Amino acid sequence: MELILIKQKGVKKVKEFQSIKHKFNSWGFFSFLFVLLVVLPCMYILFHLLDKPNENWYHIKTFLLKDYIINTIKIVFTTGLFTMIIGTTLAWLIAAYEFPFRKFFKWALILPLTIPPYIAAYTYNGIFNYTGVVQKFFRNAMKINIDAKYFDIMSIKGAVFIFTIFLFPYVYMITRSFLEKQSAALIENARLLGRGSIDIFIHVILPVSRGAIVGGTSLVLLEVLNDYGVVSYFGVQTFSTAIFKTWFSMGDTGTAVKLASILMSAVFIILIVEKWLRGRKKYSYTTAKVRSIVRIELKGIKAVGAFFYCFTILSMGFIIPLMQLSHWSILTYKKILNVKFIGLMFNSIWLAVAASVLIIGMSVVIANYCRMNNKWTAKVFSKISILGYSIPGAVIAIGVILFFISIDRKMLWLYKAIDPSSKTLVLSTSIFMLIFAYTIRFLAIGYQSIESGFDKIGMRFFEASRTLGNSVTKTFFKVDLPMMKPALISGFALVFVDIVKELPLTLILRPFNFNTLATKTYEYASDEMIHEASIPALIIILVSIISVYLLYRIGDKEKK
């Protein structure tokens with residue numbers, strides 16, 4: 001009798017498993033569909049690599065390609081080095097020491113990330129040019145005439161300065177978070193062995209934090225490769241500027257694809273090097289009783305030095321450009337703030353909201369499927385979902401254009417059947433193409449936020465709901481979704497801000513006569529209307545600051 005009951009229970013469990021497996025298929029189907037949409041445009045770039053080279057490609061290959069490679073390597077290497085140094089030292093200072101205004105600097109040092117590098121480039125050029133505040137100060141107040149070439153930042157060195165000062169928070173945030181969670185035992189043991197602060201930092205902190213430092217630096221390098229606004233405005237020839245010129249000036253898709261493929265190779269090299277630098281070493285706690293670092297109080301000259309180091313970096317990365325933009329906005333707000341500008345803001349907001357909602361929805365579907373399924377498909381979907389953020393915007397734009405042109409050609413018969421006078425290109429001249437490109441580019445941000453949310457709530461409540469007979473979908477809406485609210489809000493905020501700031505994708509894929517705050521800022525700056533560019537730039541920064549504050553509050557509540 002007992003054997004029969006055991007068999008019946010076993011059969012029942014098998015049936016329940018099969019039922020769950022069957023119901024997972026709907027989540028799996030949509031996950032597969034979303035992942036396929038991410039992959040297809042990238043595949044189109046690979047297909048077009050087989051196209052026969054033309055004269056433009058041979059000209060670029062012979063005379064220009066070497067400069068593109070050298071300039072890109074210079075900017076990437078030096079920016080990576082300086083952001084690593086600044087981000088790591090600031091993270092260690094905030095995590096390990098107590099000094100005046102440390103709590104303020106802890107979150108304020110993230111603020112440079114709210115100013116997009118292309119806006120920073122316009123602002124600093126306005127500060128240092130002949131009519132800027134720096135040269136006017138030396139001429140008028142100090143009565144000193146200094147050669148203007150010493151203030152010229154429109155070069156590779158200037159680009160490195162902009163990228164370093166405004167992207168170091170990637171390294172700072174990740175490294176500081178890692179150090180704050182580390183066990184105090186490592187530092188205490190090193191001190192007992194007679195090691196000094198500098199010695200501990202070099203021989204203990206740097207090796208232990210290697211993964212966090214490399215991870216943050218790789219994000220910086222990917223942002224540098226994605227940039228178009230800074231290098232274009234400074235006149236530095238890199239792969240992103242080459243792709244834009246080839247596409248816009250020459251209308252040469254084939255050459256643009258070949259340049260995009262080289263840029264993609266650079267991205268893969270960075271990702272491989274990152275994995276190699278991280279190595280196989282893993283550092284974990286040796287005891288369940290984990291204590292965070294006990295901060296040492298700095299006094300005297302050391303406290304003053306720590307304060308001024310943090311204040312100097314914050315001033316260059318946030319306070320100075322914000323003050324300059326605010327001054328320019330007072331001079332031009334009457335000219336800029338009108339009905340047209342309100343329409344511009346509306347374009348940016350509804351576009352960012354629509355794309356963010358779509359991205360978060362897709363992220364929820366893929367992440368929920370992956371957490372319920374241990375198959376290899378779930379791992380592949382997870383990896384592909386975060387692939388888009390590592391691909392520069394110019395490359396995604398080329399792939400999306402080729403993909404949508406191909407769809408339009410195949411759907412032409414349907415367009416003509418609906419409207420005989422229909423144009424050939426329908427989807428590829430619509431706003432839908434831009435939203436699609438945003439989805440590919442920023443799906444990784446939404447996915448990682450949602451995945452982190454699922455990790456925090458675990459599977460206990462899901463399994464309990466399933467035991468009570470609720471379906472997977474019902475369980476998600478009734479149990480998981482209410483608990484995922486912080487992750488949904490933070491994911492939406494991150495995606496929203498990145499879309500509002502995004503420049504390369506929007507410039508290439510926007511419909512005719514369609515502008516956003518980012519593109520209008522770029523247009524004003526390109527037309528040497530720096531003062532006029534301050535208003536849309538400030539609105540972008542304000543949106544970013546609000547989002548950073550929102551994320552900070554959510555993180556603070558979760559800690560409590």
# chains A, B, ... in the order shown; residues from 1 in each chain; ligands from 1
>>> residues_around(residues="region 295-309 of chain A", least_positions_apart="5", cutoff="10 Å", atoms="only C-alpha atoms", output="ChimeraX atom specification")
/A:86,89-90,93-102,105,180,184,314-315
>>> write_last_selection(atoms="N, CA, C and O atoms", output="compact mmCIF listing (two decimals), in the first residue's frame")
# COMPACT_ATOMS: atom_id res chain seq x y z
N ILE A 86 41.91 57.35 -10.65
CA ILE A 86 41.04 58.27 -9.92
C ILE A 86 39.91 57.52 -9.23
O ILE A 86 39.63 57.73 -8.03
N THR A 89 41.30 55.23 -6.23
CA THR A 89 41.78 55.98 -5.06
C THR A 89 40.62 56.65 -4.31
O THR A 89 40.61 56.67 -3.08
N LEU A 90 39.66 57.19 -5.06
CA LEU A 90 38.50 57.80 -4.41
C LEU A 90 37.67 56.75 -3.67
O LEU A 90 37.19 56.99 -2.55
N LEU A 93 39.48 55.86 -0.49
CA LEU A 93 39.43 56.98 0.45
C LEU A 93 38.08 57.04 1.16
O LEU A 93 38.00 57.20 2.38
N ILE A 94 37.00 56.90 0.39
CA ILE A 94 35.65 56.98 0.95
C ILE A 94 35.33 55.75 1.81
O ILE A 94 34.68 55.86 2.85
N ALA A 95 35.80 54.59 1.38
CA ALA A 95 35.47 53.34 2.09
C ALA A 95 36.29 53.15 3.36
O ALA A 95 35.79 52.59 4.34
N ALA A 96 37.53 53.63 3.39
CA ALA A 96 38.45 53.27 4.48
C ALA A 96 38.76 54.39 5.46
O ALA A 96 39.30 54.13 6.53
N TYR A 97 38.40 55.64 5.12
CA TYR A 97 38.80 56.75 5.98
C TYR A 97 37.61 57.66 6.31
O TYR A 97 36.64 57.74 5.56
N GLU A 98 37.75 58.36 7.43
CA GLU A 98 36.76 59.34 7.87
C GLU A 98 37.41 60.71 7.81
O GLU A 98 38.49 60.91 8.37
N PHE A 99 36.78 61.64 7.11
CA PHE A 99 37.31 63.00 6.98
C PHE A 99 36.14 63.96 6.75
O PHE A 99 35.01 63.50 6.50
N PRO A 100 36.34 65.26 6.83
CA PRO A 100 35.23 66.21 6.69
C PRO A 100 34.46 66.04 5.37
O PRO A 100 35.07 65.92 4.30
N PHE A 101 33.13 66.00 5.46
CA PHE A 101 32.21 65.89 4.32
C PHE A 101 32.32 64.56 3.59
O PHE A 101 31.94 64.46 2.42
N ARG A 102 32.82 63.52 4.27
CA ARG A 102 32.93 62.21 3.60
C ARG A 102 31.56 61.70 3.15
O ARG A 102 31.43 61.17 2.04
N PHE A 105 30.52 63.48 -0.02
CA PHE A 105 31.29 63.06 -1.19
C PHE A 105 30.93 61.63 -1.61
O PHE A 105 31.05 61.28 -2.79
N GLU A 180 33.30 48.30 0.53
CA GLU A 180 32.46 48.47 1.71
C GLU A 180 31.91 47.14 2.22
O GLU A 180 31.59 47.00 3.40
N ALA A 184 36.67 43.22 7.24
CA ALA A 184 37.73 44.05 7.84
C ALA A 184 38.95 43.23 8.21
O ALA A 184 40.03 43.78 8.43
N LEU A 314 35.30 66.60 -7.85
CA LEU A 314 33.88 66.92 -7.95
C LEU A 314 33.67 68.27 -8.65
O LEU A 314 32.74 68.41 -9.45
N SER A 315 34.52 69.23 -8.36
CA SER A 315 34.40 70.55 -8.99
C SER A 315 34.61 70.46 -10.49
O SER A 315 33.84 71.03 -11.28
>>> select_by_dssp(residues="region 190-429 of chain A", states="alpha helix (DSSP H)", output="number ranges by chain")
A: 190-192, 197-200, 206-208, 210-226, 229-234, 239-248, 253-278, 301-314, 320-336, 339-372, 376-385, 393-410, 412-418
>>> residues_around(residues="Gly80 (chain A)", least_positions_apart="3", cutoff="12 Å", atoms="only C-alpha atoms", output="PyMOL selection string")
chain A and resi 72-77+83-88+160-161+163-165+167-168+170-171+213-225+270+274
>>> closest_residue(among="A:Asp498, A:Glu532, A:Asp252, A:Asp67", to="Ser356 (chain A)", atoms="only C-alpha atoms")
A:Asp498
>>> residues_around(residues="Leu505 (chain A)", least_positions_apart="6", cutoff="12 Å", atoms="only C-alpha atoms", output="PyMOL selection string")
chain A and resi 226-229+240+244+391-401+431+433-442+498-499+511+516+518-519
>>> closest_residue(among="A:His531, A:Arg210, A:Lys103, A:Lys485", to="Val364 (chain A)", atoms="only C-alpha atoms")
A:Lys485
>>> closest_residue(among="A:Trp276, A:Phe477, A:Phe403, A:Phe63", to="Ile45 (chain A)", atoms="only C-alpha atoms")
A:Phe403
>>> closest_residue(among="A:Phe454, A:Phe346, A:Tyr124, A:Phe462", to="Val230 (chain A)", atoms="only C-alpha atoms")
A:Tyr124
>>> closest_atom_pairs(of="region 115-201 of chain A", to="region 316-332 of chain A", cutoff="8 Å", atoms="only C-alpha atoms", output="CSV")
residue,atom,partner,partner_atom,distance
A:Ile115,CA,A:Phe318,CA,7.4
A:Ala120,CA,A:Pro321,CA,6.8
A:Thr123,CA,A:Pro321,CA,6.1
A:Tyr124,CA,A:Pro321,CA,7.0
A:Ile127,CA,A:Gln324,CA,7.6
A:Ile165,CA,A:Gly317,CA,5.3
A:Phe166,CA,A:Gly317,CA,5.6
>>> closest_residue(among="A:Gly343, A:Gly453, A:Gly126, A:Pro169", to="Met529 (chain A)", atoms="only C-alpha atoms")
A:Gly126
>>> residues_around(residues="Asn347 (chain A)", least_positions_apart="6", cutoff="10 Å", atoms="only C-alpha atoms", output="MDAnalysis selection string")
chainID A and resid 341 500 514:517
>>> atom_distance(atom1="CA of Pro207 (chain A)", atom2="CA of Ser452 (chain A)")
25.9 Å
>>> atom_distance(atom1="CA of Tyr118 (chain A)", atom2="CA of Gly235 (chain A)")
12.5 Å
>>> atom_distance(atom1="CA of Asn338 (chain A)", atom2="CA of Ser534 (chain A)")
14.8 Å
